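Structure record follows, encoded as structure tokens.
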Amino acid sequence: MAKKLMKGAEAIGEAAIRAGCRLFFGYPITPQNEIPEYLSHRLPQVGGTFVQAESEVAASNMLYGAAGTGERVFTSSSSPGISLMQEAISYMAGSQLPVVIVNIMRAGPGLGGILPAQGDYLQSTKGGGHGDYRLLVLAPNSVQEAADLVIEAFDLADYYRNPVLVVGDGLIGQMMEPVEFKDDYAPVRPLPPKTWASTGHTGGEKPRSIINSLFLDPEVLEKHNQALQAKYAEMEKNEIRYEGYGLDGDYDVLIVAYGTVARVCQTAMEELEADGVRVAMIRPISLYPYPSQAVREAAEKASGVLVVELSAGQMIEDVRLALEGRRPIHFHGRTGGMLATPEEIVDKVRRIVEGRGGKS
Amino acid sequence: MIQTVFQKPDSLASVITHYCPGCTHGVIHRMVGEVLDELGVRDRTVGVSPVGCSVLAYNYFETDFHEASHGRAPAVATGIKRARPDLIVFAYQGDGDLASIGMGEIIHCANRGEKITVIFVNNAIYGMTGGQMAPTTMPNQVATTCPMGRDVEQAGWPIRMAELVSALRTPAYVARASSHSPLHTVQAKAMIRRAFQYQVEGTCFSMVEVLSTCPTNWGLPPNEADRWLEEQMMPYYPLGVFKTPDGRDRAPKPLPADE
């Protein structure tokens, strides 16, 4: 299929359809309304179902019910709405249900604002809801990558029987960029049959399916938790994704940034390189599992590391864990919906090179 | 020749339930199981159990099941039914689950006209958590969180769910029955059967509220609990069919005047 100019939100909606998803449950919230709006007219065209729920709490529980039948299901929301979904997300992780959730992050805390932010990193990667569980978390930096990752997210969800969260910010949802969808979508890897799905207990042919996260016997519940942890260990082995920029050359400063702010960093890098400042960047695409080893190895060549986020400093905790004190780590973050500018990043890198990078 | 004249419905599992002596959950489970057998839909039924005393209902039915979080059973049932309209989906909920934390889910599920069936068991108290006040607890009824009795000035009056849900414009079948005597059980079973029948035909949302006893948390022997239900609950929660999908037959008994 030829490239088409699409708004990020619409590309995300179309990607879900291309992945074979025919069920969307959601609730309006800015800045992601174009996703449900797009699907509300596209899903009926392909025989699918769109339900506007009464709340994000209900939407996520509809997702839980629908996913239990083995069908591919999808929802999208933005930060405060994702907070409301955490109850069902914990249940879906506990019941091992494949679902895809998109969070178009906005600035917080509380009602916050509606402009782009990355303040939900810790919520996304370190839990969010109650209990020991992990989501696979993917962070695109372009409309094309958002579409690709959403399609792949459905496969990953089915493969691991686990919720997959795709996090973007308001820019991913709102900007228009060329997108290309493959004509012949095929799963990236063979997917296991959904023998666990509740589709009716047909006279003993299939064991009774109970979609459940309740295990009152502590020994049984601990075994269940161990099985979940083993699954997360598999994810950590197989699903690390990142992109490197200039990692093959020599550099003094390594930037670590994800999502759209990594593109701002790219612009800053061009200016710095033109000025002879040696800088490289690593962009985590999978936020969980985090590319710790790649970040550690990339940092070895640098004398200092700069973490840039649209938050007060959340991913920086994973960078610290990855580096274990091997290199000084500096931070530049903007909050409240303010964007980091290339000039700010250029200035910050120069100061690091000059030994004035501030507290690390 | 020996003939079997009474047996467990195929839709019920051959297990012993955890319910207290005198509790009517078992009776209500049986009525649902019999109806699933009679309609021949067991093989394509998915139940949704709540949080509350019937949290383990998935162990007691021979059908597929989802365990919902507290109050969300109508949303979970919506997801199942929308994903697979060919399945028969029922939510089994208590009064804390449906009328308190799950008020939003039940009202909107009914208002969307989801083609599911809700069995709403109202025993005027929180059972599993140990006898706390429910939205359906009667005025002056003692509970562990209203030790002096429910104060309607502070907690408001008990919520009549059948009346509330039947006030919605969307076509539905809404009825209230009781489970405390054999005669009332016969009536309740007929209502539950009708509720599932509407779903099998794809007609409408259906909900049957079933008044139930909780001897343990009411602090009464089972026989006195039955009497308490009849004398204290039934005047406030009138039995009958409140709404039918064709709009006729809408004949709730007049509500008692509030003192």
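If you're wondering about the labels, chains in the structure tokens are A, B, ... by order shown, residues count from 1 in each chain, ligands from 1 in order shown.
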
Counting only C-alpha atoms, which residues of chain A come no farther than 6 Å from chain B, as number ranges by chain? A: 58, 61-63, 65-66, 198, 200-202, 208-212

All residues 8 Å or closer to Leu323 of chain A, only C-alpha atoms, same chain fewer than 2 positions away omitted, as number ranges by chain: A: 292, 295-296, 299, 319-321, 325-327

Restricted to N, CA and C atoms, what would the selected residues look like written as a PDB file, in the first residue's frame?
ATOM      1  N   SER A 292      18.384  -2.136  29.492  1.00  0.00           N
ATOM      2  CA  SER A 292      19.409  -1.748  30.464  1.00  0.00           C
ATOM      3  C   SER A 292      20.825  -2.027  29.951  1.00  0.00           C
ATOM      4  N   VAL A 295      21.903   0.355  27.218  1.00  0.00           N
ATOM      5  CA  VAL A 295      22.186   1.685  27.762  1.00  0.00           C
ATOM      6  C   VAL A 295      23.550   1.671  28.462  1.00  0.00           C
ATOM      7  N   ARG A 296      23.800   0.612  29.220  1.00  0.00           N
ATOM      8  CA  ARG A 296      25.068   0.490  29.951  1.00  0.00           C
ATOM      9  C   ARG A 296      26.250   0.449  28.971  1.00  0.00           C
ATOM     10  N   ALA A 299      26.866   3.727  27.261  1.00  0.00           N
ATOM     11  CA  ALA A 299      27.406   4.762  28.158  1.00  0.00           C
ATOM     12  C   ALA A 299      28.900   4.602  28.376  1.00  0.00           C
ATOM     13  N   VAL A 319      17.798   4.406  34.095  1.00  0.00           N
ATOM     14  CA  VAL A 319      19.155   4.658  33.600  1.00  0.00           C
ATOM     15  C   VAL A 319      20.145   4.489  34.761  1.00  0.00           C
ATOM     16  N   ARG A 320      19.794   5.017  35.924  1.00  0.00           N
ATOM     17  CA  ARG A 320      20.669   4.855  37.104  1.00  0.00           C
ATOM     18  C   ARG A 320      20.875   3.371  37.425  1.00  0.00           C
ATOM     19  N   LEU A 321      19.760   2.611  37.373  1.00  0.00           N
ATOM     20  CA  LEU A 321      19.863   1.173  37.662  1.00  0.00           C
ATOM     21  C   LEU A 321      20.760   0.497  36.636  1.00  0.00           C
ATOM     22  N   GLY A 325      26.131   3.602  38.689  1.00  0.00           N
ATOM     23  CA  GLY A 325      27.129   4.564  39.122  1.00  0.00           C
ATOM     24  C   GLY A 325      28.360   4.665  38.251  1.00  0.00           C
ATOM     25  N   ARG A 326      28.370   3.974  37.085  1.00  0.00           N
ATOM     26  CA  ARG A 326      29.582   3.959  36.241  1.00  0.00           C
ATOM     27  C   ARG A 326      29.870   5.318  35.599  1.00  0.00           C
ATOM     28  N   ARG A 327      28.836   6.089  35.316  1.00  0.00           N
ATOM     29  CA  ARG A 327      29.006   7.384  34.654  1.00  0.00           C
ATOM     30  C   ARG A 327      28.126   8.415  35.360  1.00  0.00           C
TER      31      ARG A 327
END

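Of the residues under consideration (A:Leu171, A:Val57, A:Val253, A:Ile89), A:Val253 shows the shortest atom-to-atom contact distance to Lys348 of chain A when counting only C-alpha atoms.
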
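Between Leu165 of chain A and the residues A:Ala274, A:Met85, A:Ala9, A:Ile345, the shortest atom-to-atom distance, using only C-alpha atoms, involves A:Met85.
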
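Closest approach to Leu135 of chain A among A:His224, A:Arg189, A:Lys231, A:Lys206: A:Lys231, based on only C-alpha atoms.
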
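Look at Met105 of chain A: the protein and nucleic acid residues within 8 Å of it, using only C-alpha atoms and passing over chain neighbours fewer than 6 places away, are Ser78, Ser79, Pro116, Ala117, Gln118, Gly119, Asp120, Val167, Gly168, Asp169 and Gly170 of chain A.
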
How about saving the chosen residues, N, CA, C and O atoms kept, as an mmCIF file, in the first residue's frame?
data_model
loop_
_atom_site.group_PDB
_atom_site.id
_atom_site.type_symbol
_atom_site.label_atom_id
_atom_site.label_comp_id
_atom_site.auth_asym_id
_atom_site.auth_seq_id
_atom_site.Cartn_x
_atom_site.Cartn_y
_atom_site.Cartn_z
ATOM 1 N N SER A 78 -6.184 8.590 27.934
ATOM 2 C CA SER A 78 -5.086 9.482 28.290
ATOM 3 C C SER A 78 -4.974 9.485 29.808
ATOM 4 O O SER A 78 -5.921 9.146 30.510
ATOM 5 N N SER A 79 -3.854 9.924 30.289
ATOM 6 C CA SER A 79 -3.406 9.733 31.673
ATOM 7 C C SER A 79 -4.469 9.572 32.774
ATOM 8 O O SER A 79 -4.509 8.534 33.435
ATOM 9 N N PRO A 116 1.173 17.584 25.765
ATOM 10 C CA PRO A 116 2.002 16.365 25.819
ATOM 11 C C PRO A 116 2.903 16.284 27.046
ATOM 12 O O PRO A 116 3.443 17.290 27.493
ATOM 13 N N ALA A 117 3.087 15.067 27.554
ATOM 14 C CA ALA A 117 3.967 14.838 28.686
ATOM 15 C C ALA A 117 4.359 13.369 28.717
ATOM 16 O O ALA A 117 3.810 12.554 27.963
ATOM 17 N N GLN A 118 5.327 13.067 29.556
ATOM 18 C CA GLN A 118 5.764 11.680 29.747
ATOM 19 C C GLN A 118 5.756 11.326 31.227
ATOM 20 O O GLN A 118 6.578 10.560 31.694
ATOM 21 N N GLY A 119 4.795 11.897 31.933
ATOM 22 C CA GLY A 119 4.750 11.732 33.384
ATOM 23 C C GLY A 119 4.181 10.408 33.852
ATOM 24 O O GLY A 119 4.080 10.169 35.059
ATOM 25 N N ASP A 120 3.799 9.536 32.900
ATOM 26 C CA ASP A 120 3.208 8.253 33.296
ATOM 27 C C ASP A 120 4.199 7.099 33.158
ATOM 28 O O ASP A 120 3.804 5.935 33.138
ATOM 29 N N VAL A 167 2.587 3.616 24.749
ATOM 30 C CA VAL A 167 2.507 4.982 25.277
ATOM 31 C C VAL A 167 3.075 5.982 24.280
ATOM 32 O O VAL A 167 4.174 5.818 23.765
ATOM 33 N N GLY A 168 2.263 6.976 23.995
ATOM 34 C CA GLY A 168 2.730 8.104 23.187
ATOM 35 C C GLY A 168 2.407 9.358 23.962
ATOM 36 O O GLY A 168 1.915 9.304 25.080
ATOM 37 N N ASP A 169 2.678 10.497 23.358
ATOM 38 C CA ASP A 169 2.228 11.720 23.998
ATOM 39 C C ASP A 169 1.310 12.431 23.013
ATOM 40 O O ASP A 169 1.046 11.934 21.924
ATOM 41 N N GLY A 170 0.822 13.589 23.411
ATOM 42 C CA GLY A 170 -0.127 14.323 22.572
ATOM 43 C C GLY A 170 0.396 14.557 21.165
ATOM 44 O O GLY A 170 -0.376 14.626 20.209
#

Filtered DSSP result for segment 66-192 of chain B, state alpha helix (DSSP H), as an MDAnalysis selection string: chainID B and resid 73:83 95:96 103:112 152:155 161:166 182:192

For C-alpha atoms, I'd like the residues from the last selection saved as a short mmCIF file (atom, residue, chain, number, x, y, z; two decimals), in the first residue's frame.
data_model
loop_
_atom_site.label_atom_id
_atom_site.label_comp_id
_atom_site.auth_asym_id
_atom_site.auth_seq_id
_atom_site.Cartn_x
_atom_site.Cartn_y
_atom_site.Cartn_z
CA ALA B 73 -20.00 -7.58 36.38
CA PRO B 74 -22.40 -5.75 34.01
CA ALA B 75 -19.43 -4.17 32.21
CA VAL B 76 -17.63 -7.51 31.99
CA ALA B 77 -20.83 -9.13 30.74
CA THR B 78 -21.18 -6.36 28.17
CA GLY B 79 -17.68 -7.12 26.87
CA ILE B 80 -18.40 -10.84 26.58
CA LYS B 81 -21.76 -10.34 24.88
CA ARG B 82 -20.47 -7.73 22.44
CA ALA B 83 -17.52 -9.95 21.55
CA ASP B 95 -26.59 -5.79 46.69
CA GLY B 96 -23.28 -4.26 47.77
CA MET B 103 -24.37 1.37 40.46
CA GLY B 104 -22.88 3.05 37.41
CA GLU B 105 -22.24 -0.22 35.59
CA ILE B 106 -25.73 -1.68 36.12
CA ILE B 107 -27.58 1.49 35.15
CA HIS B 108 -25.62 2.03 31.95
CA CYS B 109 -25.65 -1.64 31.01
CA ALA B 110 -29.44 -1.64 31.33
CA ASN B 111 -29.72 1.66 29.51
CA ARG B 112 -27.65 0.42 26.57
CA VAL B 152 -31.89 7.35 57.06
CA GLU B 153 -31.01 10.96 57.88
CA GLN B 154 -27.37 10.10 57.43
CA ALA B 155 -27.33 7.09 55.08
CA MET B 161 -33.05 -1.24 42.27
CA ALA B 162 -35.91 -2.87 40.34
CA GLU B 163 -37.82 0.41 40.45
CA LEU B 164 -34.73 2.43 39.52
CA VAL B 165 -33.76 0.26 36.55
CA SER B 166 -37.34 0.02 35.30
CA PRO B 182 -41.30 -22.56 48.30
CA LEU B 183 -44.22 -20.59 46.88
CA HIS B 184 -42.08 -17.51 46.28
CA THR B 185 -39.38 -19.70 44.78
CA VAL B 186 -41.79 -20.99 42.16
CA GLN B 187 -42.59 -17.40 41.22
CA ALA B 188 -38.90 -16.45 41.22
CA LYS B 189 -38.01 -19.34 38.94
CA ALA B 190 -40.70 -18.30 36.44
CA MET B 191 -39.27 -14.78 36.39
CA ILE B 192 -35.70 -16.02 35.97
#

Test item, strand (DSSP E or B) assignment across segment 18-119 of chain A, answer as an MDAnalysis selection string: chainID A and resid 23:26 49:52 73:77 100:106 116

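Using only C-alpha atoms for every distance, the candidate list A:Tyr91, A:Pro31, A:Glu56, A:Glu344 yields A:Tyr91 as the residue closest to Leu214 of chain A.
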
Tell me, as a count of residues only, which residues lie within 8 Å of Glu239 of chain A, counting only C-alpha atoms; anything in the same chain fewer than 3 positions away does not count. 4

Within 12 Å of Gly13 of chain A, counting only C-alpha atoms, which residues qualify if same-chain residues fewer than 4 places away don't, as a VMD selection string? chain A and resid 6 to 9 17 to 24 32 to 43 50 73 to 76 100 to 102 143 146 to 151 173

Could you turn the residues from that selection into a file that holds N, CA and C atoms, as a compact mmCIF listing (two decimals), in the first residue's frame?
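The resulting file, selection.txt, is reproduced below:
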# COMPACT_ATOMS: atom_id res chain seq x y z
N MET A 6 -1.42 10.66 7.43
CA MET A 6 -2.45 10.37 8.44
C MET A 6 -2.11 11.04 9.76
N LYS A 7 -3.16 11.42 10.46
CA LYS A 7 -3.00 11.89 11.82
C LYS A 7 -2.66 10.68 12.70
N GLY A 8 -1.81 10.91 13.69
CA GLY A 8 -1.35 9.80 14.52
C GLY A 8 -2.49 9.00 15.12
N ALA A 9 -3.49 9.70 15.63
CA ALA A 9 -4.60 9.01 16.29
C ALA A 9 -5.33 8.09 15.30
N ILE A 17 -7.31 -2.08 13.41
CA ILE A 17 -8.16 -2.80 12.46
C ILE A 17 -7.32 -3.73 11.58
N ARG A 18 -6.16 -3.21 11.11
CA ARG A 18 -5.27 -4.03 10.28
C ARG A 18 -4.79 -5.28 11.05
N ALA A 19 -4.70 -5.13 12.37
CA ALA A 19 -4.25 -6.26 13.19
C ALA A 19 -5.37 -7.26 13.45
N GLY A 20 -6.54 -6.97 12.91
CA GLY A 20 -7.66 -7.91 13.07
C GLY A 20 -8.52 -7.64 14.28
N CYS A 21 -8.30 -6.50 14.93
CA CYS A 21 -9.13 -6.17 16.09
C CYS A 21 -10.48 -5.64 15.61
N ARG A 22 -11.54 -6.14 16.20
CA ARG A 22 -12.88 -5.72 15.81
C ARG A 22 -13.69 -5.19 17.00
N LEU A 23 -13.03 -4.97 18.13
CA LEU A 23 -13.76 -4.55 19.34
C LEU A 23 -13.02 -3.42 20.03
N PHE A 24 -13.71 -2.31 20.20
CA PHE A 24 -13.13 -1.18 20.93
C PHE A 24 -14.10 -0.74 22.01
N GLN A 32 -6.90 12.27 23.06
CA GLN A 32 -6.87 11.05 22.24
C GLN A 32 -8.21 10.77 21.59
N ASN A 33 -9.12 11.76 21.61
CA ASN A 33 -10.49 11.50 21.15
C ASN A 33 -10.58 11.06 19.69
N GLU A 34 -9.57 11.43 18.89
CA GLU A 34 -9.63 11.05 17.48
C GLU A 34 -9.51 9.53 17.30
N ILE A 35 -8.94 8.83 18.28
CA ILE A 35 -8.84 7.36 18.14
C ILE A 35 -10.25 6.75 18.22
N PRO A 36 -11.00 6.97 19.33
CA PRO A 36 -12.36 6.43 19.35
C PRO A 36 -13.26 6.99 18.26
N GLU A 37 -13.07 8.27 17.92
CA GLU A 37 -13.92 8.83 16.85
C GLU A 37 -13.67 8.11 15.53
N TYR A 38 -12.42 7.88 15.23
CA TYR A 38 -12.08 7.18 13.99
C TYR A 38 -12.67 5.76 14.01
N LEU A 39 -12.50 5.07 15.13
CA LEU A 39 -12.98 3.68 15.19
C LEU A 39 -14.49 3.60 15.23
N SER A 40 -15.15 4.65 15.72
CA SER A 40 -16.62 4.61 15.79
C SER A 40 -17.23 4.57 14.39
N HIS A 41 -16.51 5.08 13.38
CA HIS A 41 -17.06 4.93 12.02
C HIS A 41 -16.38 3.82 11.24
N ARG A 42 -15.10 3.52 11.58
CA ARG A 42 -14.41 2.48 10.82
C ARG A 42 -14.81 1.06 11.24
N LEU A 43 -15.00 0.85 12.53
CA LEU A 43 -15.28 -0.53 12.99
C LEU A 43 -16.58 -1.07 12.37
N PHE A 50 -18.06 -0.96 18.22
CA PHE A 50 -17.52 0.16 18.99
C PHE A 50 -18.50 0.45 20.13
N VAL A 73 -8.99 -7.25 21.36
CA VAL A 73 -9.71 -6.10 21.91
C VAL A 73 -8.74 -4.94 22.17
N PHE A 74 -9.30 -3.75 22.18
CA PHE A 74 -8.46 -2.55 22.16
C PHE A 74 -9.16 -1.43 22.92
N THR A 75 -8.37 -0.62 23.63
CA THR A 75 -8.88 0.64 24.14
C THR A 75 -7.78 1.68 24.10
N SER A 76 -8.19 2.92 24.14
CA SER A 76 -7.21 4.00 24.23
C SER A 76 -7.74 5.01 25.22
N VAL A 100 -4.76 -4.77 24.16
CA VAL A 100 -3.87 -3.68 23.77
C VAL A 100 -4.48 -2.36 24.25
N ILE A 101 -3.65 -1.57 24.94
CA ILE A 101 -4.09 -0.30 25.50
C ILE A 101 -3.14 0.78 25.01
N VAL A 102 -3.70 1.87 24.53
CA VAL A 102 -2.86 3.01 24.13
C VAL A 102 -3.08 4.13 25.13
N VAL A 143 4.53 8.63 13.80
CA VAL A 143 3.22 8.06 13.47
C VAL A 143 3.40 6.67 12.86
N ALA A 146 4.22 4.29 15.58
CA ALA A 146 3.04 4.05 16.40
C ALA A 146 2.14 3.00 15.74
N ALA A 147 1.92 3.17 14.45
CA ALA A 147 1.07 2.21 13.72
C ALA A 147 1.70 0.82 13.75
N ASP A 148 2.99 0.74 13.47
CA ASP A 148 3.67 -0.56 13.46
C ASP A 148 3.61 -1.24 14.83
N LEU A 149 3.88 -0.44 15.87
CA LEU A 149 3.91 -1.04 17.22
C LEU A 149 2.52 -1.47 17.68
N VAL A 150 1.49 -0.73 17.28
CA VAL A 150 0.13 -1.14 17.66
C VAL A 150 -0.21 -2.48 17.02
N ILE A 151 0.14 -2.63 15.75
CA ILE A 151 -0.12 -3.91 15.08
C ILE A 151 0.64 -5.04 15.79
N GLY A 173 -0.33 11.60 18.92
CA GLY A 173 -1.76 11.54 18.56
C GLY A 173 -2.15 12.60 17.55
